[in-house]
Amino acid sequence: MIALLIIVFPFYWKWKNGTEFVLDQQIFIIFSVVILIMNIPSVLIYLNYYFENKDTSFTLDFDSKKIEITQSGMTKTYTINDVSESNYHLGIYYKNAIDRAGRIPMLVSDFGYWDLKFKNGDRYYLTNILHDFIHDTPFLGKTKYRFRMFTYIKKNDNKKPINLNAKPKKEKTLTETFIEKYKTKNEKQLLEILDNRNSYQKEAVKAAEILIENKNVG
């Protein structure tokens, strides 16, 4: 944006008007307001993170898999077995890695935080102004993800995060769908489908054949 304002625009002005571009006070104010407006979301999120974490620090011990968190002068040490829930809240831009949607990064894209809950009821919101860890491989394998446009700390967020490590659910084939549909039919009804196979989809006929075979085996 700055390059556009101080480099590209003067060249455009001269090409369009034939005169040198002069940055008067009014134009300078307009440019300043535009830049300020563009940065307001980033400033607000930064302040949100600062007030949440101003008295907090933490360290991650990758060897012993322990988490040490200091808040308001009190230090607690947890193991990974003490964690009940681990969620990373990232900018919507990072969802591109999942759906390849081609979103462009914004000024707020790199803000993120770790919503970490423990079995004893302790809960922390560890933001990336403490450490720039949030976009690396998660410390905990069971970490889930939540993607939002503006990643301000939302303590009452009821939307379920995404488990990126979960295996995608296999969709049923059409034959499997017909098997599910026909499994309550008796042998006579299944044989009727086979005798009139030209009136049924090939997947339906295949399903009837499988069910007949299973009945005979049983």
# chains A, B, ... in the order shown; residues from 1 in each chain; ligands from 1
>>> select_by_dssp(residues="chain A", states="strand (DSSP E)", output="PyMOL selection string")
chain A and resi 56-61+66-71+74-79+83-91+113-118+123-127+144-148
>>> write_last_selection(atoms="C-alpha atoms", output="PDB file, in the first residue's frame")
ATOM      1  CA  THR A  56       1.728 -14.603  31.168  1.00  0.00           C
ATOM      2  CA  SER A  57       4.698 -16.550  29.845  1.00  0.00           C
ATOM      3  CA  PHE A  58       5.176 -20.187  28.925  1.00  0.00           C
ATOM      4  CA  THR A  59       7.771 -22.688  27.783  1.00  0.00           C
ATOM      5  CA  LEU A  60       7.360 -25.954  25.921  1.00  0.00           C
ATOM      6  CA  ASP A  61       9.680 -28.854  26.771  1.00  0.00           C
ATOM      7  CA  LYS A  66       5.834 -30.721  29.518  1.00  0.00           C
ATOM      8  CA  ILE A  67       4.248 -27.280  29.463  1.00  0.00           C
ATOM      9  CA  GLU A  68       5.310 -24.659  32.007  1.00  0.00           C
ATOM     10  CA  ILE A  69       2.981 -21.674  32.287  1.00  0.00           C
ATOM     11  CA  THR A  70       3.562 -18.625  34.477  1.00  0.00           C
ATOM     12  CA  GLN A  71       0.606 -16.324  35.046  1.00  0.00           C
ATOM     13  CA  MET A  74       2.479 -18.197  39.679  1.00  0.00           C
ATOM     14  CA  THR A  75       4.137 -21.043  37.746  1.00  0.00           C
ATOM     15  CA  LYS A  76       2.469 -24.367  36.986  1.00  0.00           C
ATOM     16  CA  THR A  77       3.898 -27.353  35.144  1.00  0.00           C
ATOM     17  CA  TYR A  78       1.681 -29.701  33.153  1.00  0.00           C
ATOM     18  CA  THR A  79       2.293 -32.881  31.187  1.00  0.00           C
ATOM     19  CA  VAL A  83      -4.477 -31.631  28.697  1.00  0.00           C
ATOM     20  CA  SER A  84      -8.185 -32.110  28.043  1.00  0.00           C
ATOM     21  CA  GLU A  85      -8.470 -29.951  24.917  1.00  0.00           C
ATOM     22  CA  SER A  86      -6.028 -28.195  22.599  1.00  0.00           C
ATOM     23  CA  ASN A  87      -7.254 -25.832  19.880  1.00  0.00           C
ATOM     24  CA  TYR A  88      -5.330 -23.528  17.554  1.00  0.00           C
ATOM     25  CA  HIS A  89      -7.227 -20.452  16.366  1.00  0.00           C
ATOM     26  CA  LEU A  90      -5.781 -19.243  13.061  1.00  0.00           C
ATOM     27  CA  GLY A  91      -6.667 -16.687  10.409  1.00  0.00           C
ATOM     28  CA  TYR A 113      -3.693 -18.129  19.668  1.00  0.00           C
ATOM     29  CA  TRP A 114      -3.742 -21.461  21.462  1.00  0.00           C
ATOM     30  CA  ASP A 115      -6.823 -22.278  23.517  1.00  0.00           C
ATOM     31  CA  LEU A 116      -5.463 -24.789  26.019  1.00  0.00           C
ATOM     32  CA  LYS A 117      -7.688 -26.572  28.560  1.00  0.00           C
ATOM     33  CA  PHE A 118      -6.564 -28.885  31.342  1.00  0.00           C
ATOM     34  CA  ARG A 123      -7.563 -22.763  30.852  1.00  0.00           C
ATOM     35  CA  TYR A 124      -5.152 -20.454  29.035  1.00  0.00           C
ATOM     36  CA  TYR A 125      -5.180 -18.407  25.861  1.00  0.00           C
ATOM     37  CA  LEU A 126      -1.571 -18.330  24.671  1.00  0.00           C
ATOM     38  CA  THR A 127      -1.147 -15.907  21.790  1.00  0.00           C
ATOM     39  CA  LYS A 144      -7.648 -29.162  16.531  1.00  0.00           C
ATOM     40  CA  TYR A 145      -8.046 -26.024  14.408  1.00  0.00           C
ATOM     41  CA  ARG A 146     -10.499 -23.156  14.231  1.00  0.00           C
ATOM     42  CA  PHE A 147     -10.244 -20.704  11.330  1.00  0.00           C
ATOM     43  CA  ARG A 148     -11.681 -17.181  11.545  1.00  0.00           C
TER      44      ARG A 148
END
>>> select_by_dssp(residues="range 24-64 of chain A", states="helix (DSSP H, G or I)", output="number ranges by chain")
A: 25-53
>>> write_last_selection(atoms="C-alpha atoms", output="CSV table (one decimal), in the first residue's frame")
chain,number,residue,atom,x,y,z
A,25,GLN,CA,-1.5,18.5,3.1
A,26,GLN,CA,-5.0,17.3,2.1
A,27,ILE,CA,-3.8,14.3,0.1
A,28,PHE,CA,-1.4,13.5,2.9
A,29,ILE,CA,-4.2,13.4,5.4
A,30,ILE,CA,-6.3,11.2,3.1
A,31,PHE,CA,-3.4,8.7,2.7
A,32,SER,CA,-2.8,8.7,6.4
A,33,VAL,CA,-6.5,8.0,7.2
A,34,VAL,CA,-6.6,5.2,4.7
A,35,ILE,CA,-3.5,3.5,6.2
A,36,LEU,CA,-4.9,4.0,9.7
A,37,ILE,CA,-8.2,2.4,8.8
A,38,MET,CA,-6.4,-0.6,7.2
A,39,ASN,CA,-4.4,-1.1,10.5
A,40,ILE,CA,-7.3,-0.8,13.0
A,41,PRO,CA,-8.1,-4.5,13.0
A,42,SER,CA,-4.5,-5.4,13.6
A,43,VAL,CA,-4.1,-2.9,16.4
A,44,LEU,CA,-7.3,-4.0,18.1
A,45,ILE,CA,-6.3,-7.7,18.0
A,46,TYR,CA,-2.8,-6.9,19.2
A,47,LEU,CA,-4.3,-5.0,22.2
A,48,ASN,CA,-6.7,-7.9,22.8
A,49,TYR,CA,-3.7,-10.3,22.9
A,50,TYR,CA,-1.6,-7.9,25.1
A,51,PHE,CA,-4.2,-7.5,27.8
A,52,GLU,CA,-4.8,-11.3,27.9
A,53,ASN,CA,-1.1,-12.2,28.0
>>> residues_around(residues="range 204-207 of chain A", least_positions_apart="4", cutoff="7 Å", atoms="only C-alpha atoms", output="PyMOL selection string")
chain A and resi 175+178-179+193-194+197+200+211
>>> write_last_selection(atoms="N, CA and C atoms", output="short mmCIF file (atom, residue, chain, number, x, y, z; two decimals), in the first residue's frame")
data_model
loop_
_atom_site.label_atom_id
_atom_site.label_comp_id
_atom_site.auth_asym_id
_atom_site.auth_seq_id
_atom_site.Cartn_x
_atom_site.Cartn_y
_atom_site.Cartn_z
N THR A 175 -23.87 -49.06 -4.67
CA THR A 175 -24.18 -50.46 -4.34
C THR A 175 -24.37 -50.62 -2.84
N PHE A 178 -27.72 -49.36 -1.80
CA PHE A 178 -28.80 -50.30 -2.08
C PHE A 178 -28.78 -51.49 -1.12
N ILE A 179 -27.59 -51.92 -0.72
CA ILE A 179 -27.49 -53.02 0.26
C ILE A 179 -28.16 -52.60 1.56
N ILE A 193 -36.11 -59.04 -7.78
CA ILE A 193 -35.26 -58.00 -8.37
C ILE A 193 -34.34 -58.61 -9.42
N LEU A 194 -33.79 -59.79 -9.10
CA LEU A 194 -32.87 -60.45 -10.03
C LEU A 194 -33.60 -60.93 -11.29
N ARG A 197 -34.15 -57.79 -13.61
CA ARG A 197 -32.96 -56.95 -13.51
C ARG A 197 -32.95 -55.80 -14.51
N TYR A 200 -34.14 -52.50 -13.06
CA TYR A 200 -33.41 -51.92 -11.92
C TYR A 200 -32.03 -51.44 -12.35
N LEU A 211 -26.73 -59.76 -1.26
CA LEU A 211 -27.59 -60.13 -0.14
C LEU A 211 -28.08 -61.56 -0.24
#
>>> residues_around(residues="Leu190 in chain A", least_positions_apart="5", cutoff="9 Å", atoms="only C-alpha atoms", output="list in words")
Tyr182, Lys185, Asp195, Val205, Ala208, Glu209, Leu211 and Ile212 of chain A
>>> atom_distance(atom1="CA of Tyr152 in chain A", atom2="CA of Ile92 in chain A")
12.4 Å
>>> closest_residue(among="A:Pro105, A:Lys16, A:Ile210, A:Asn128", to="Lys183 in chain A", atoms="only C-alpha atoms")
A:Ile210
>>> residues_around(residues="Glu20 in chain A", least_positions_apart="5", cutoff="10 Å", atoms="only C-alpha atoms", output="PyMOL selection string")
chain A and resi 10-15
>>> closest_residue(among="A:Asp157, A:Phe150, A:Asp122, A:Tyr94", to="Asp136 in chain A", atoms="only C-alpha atoms")
A:Tyr94
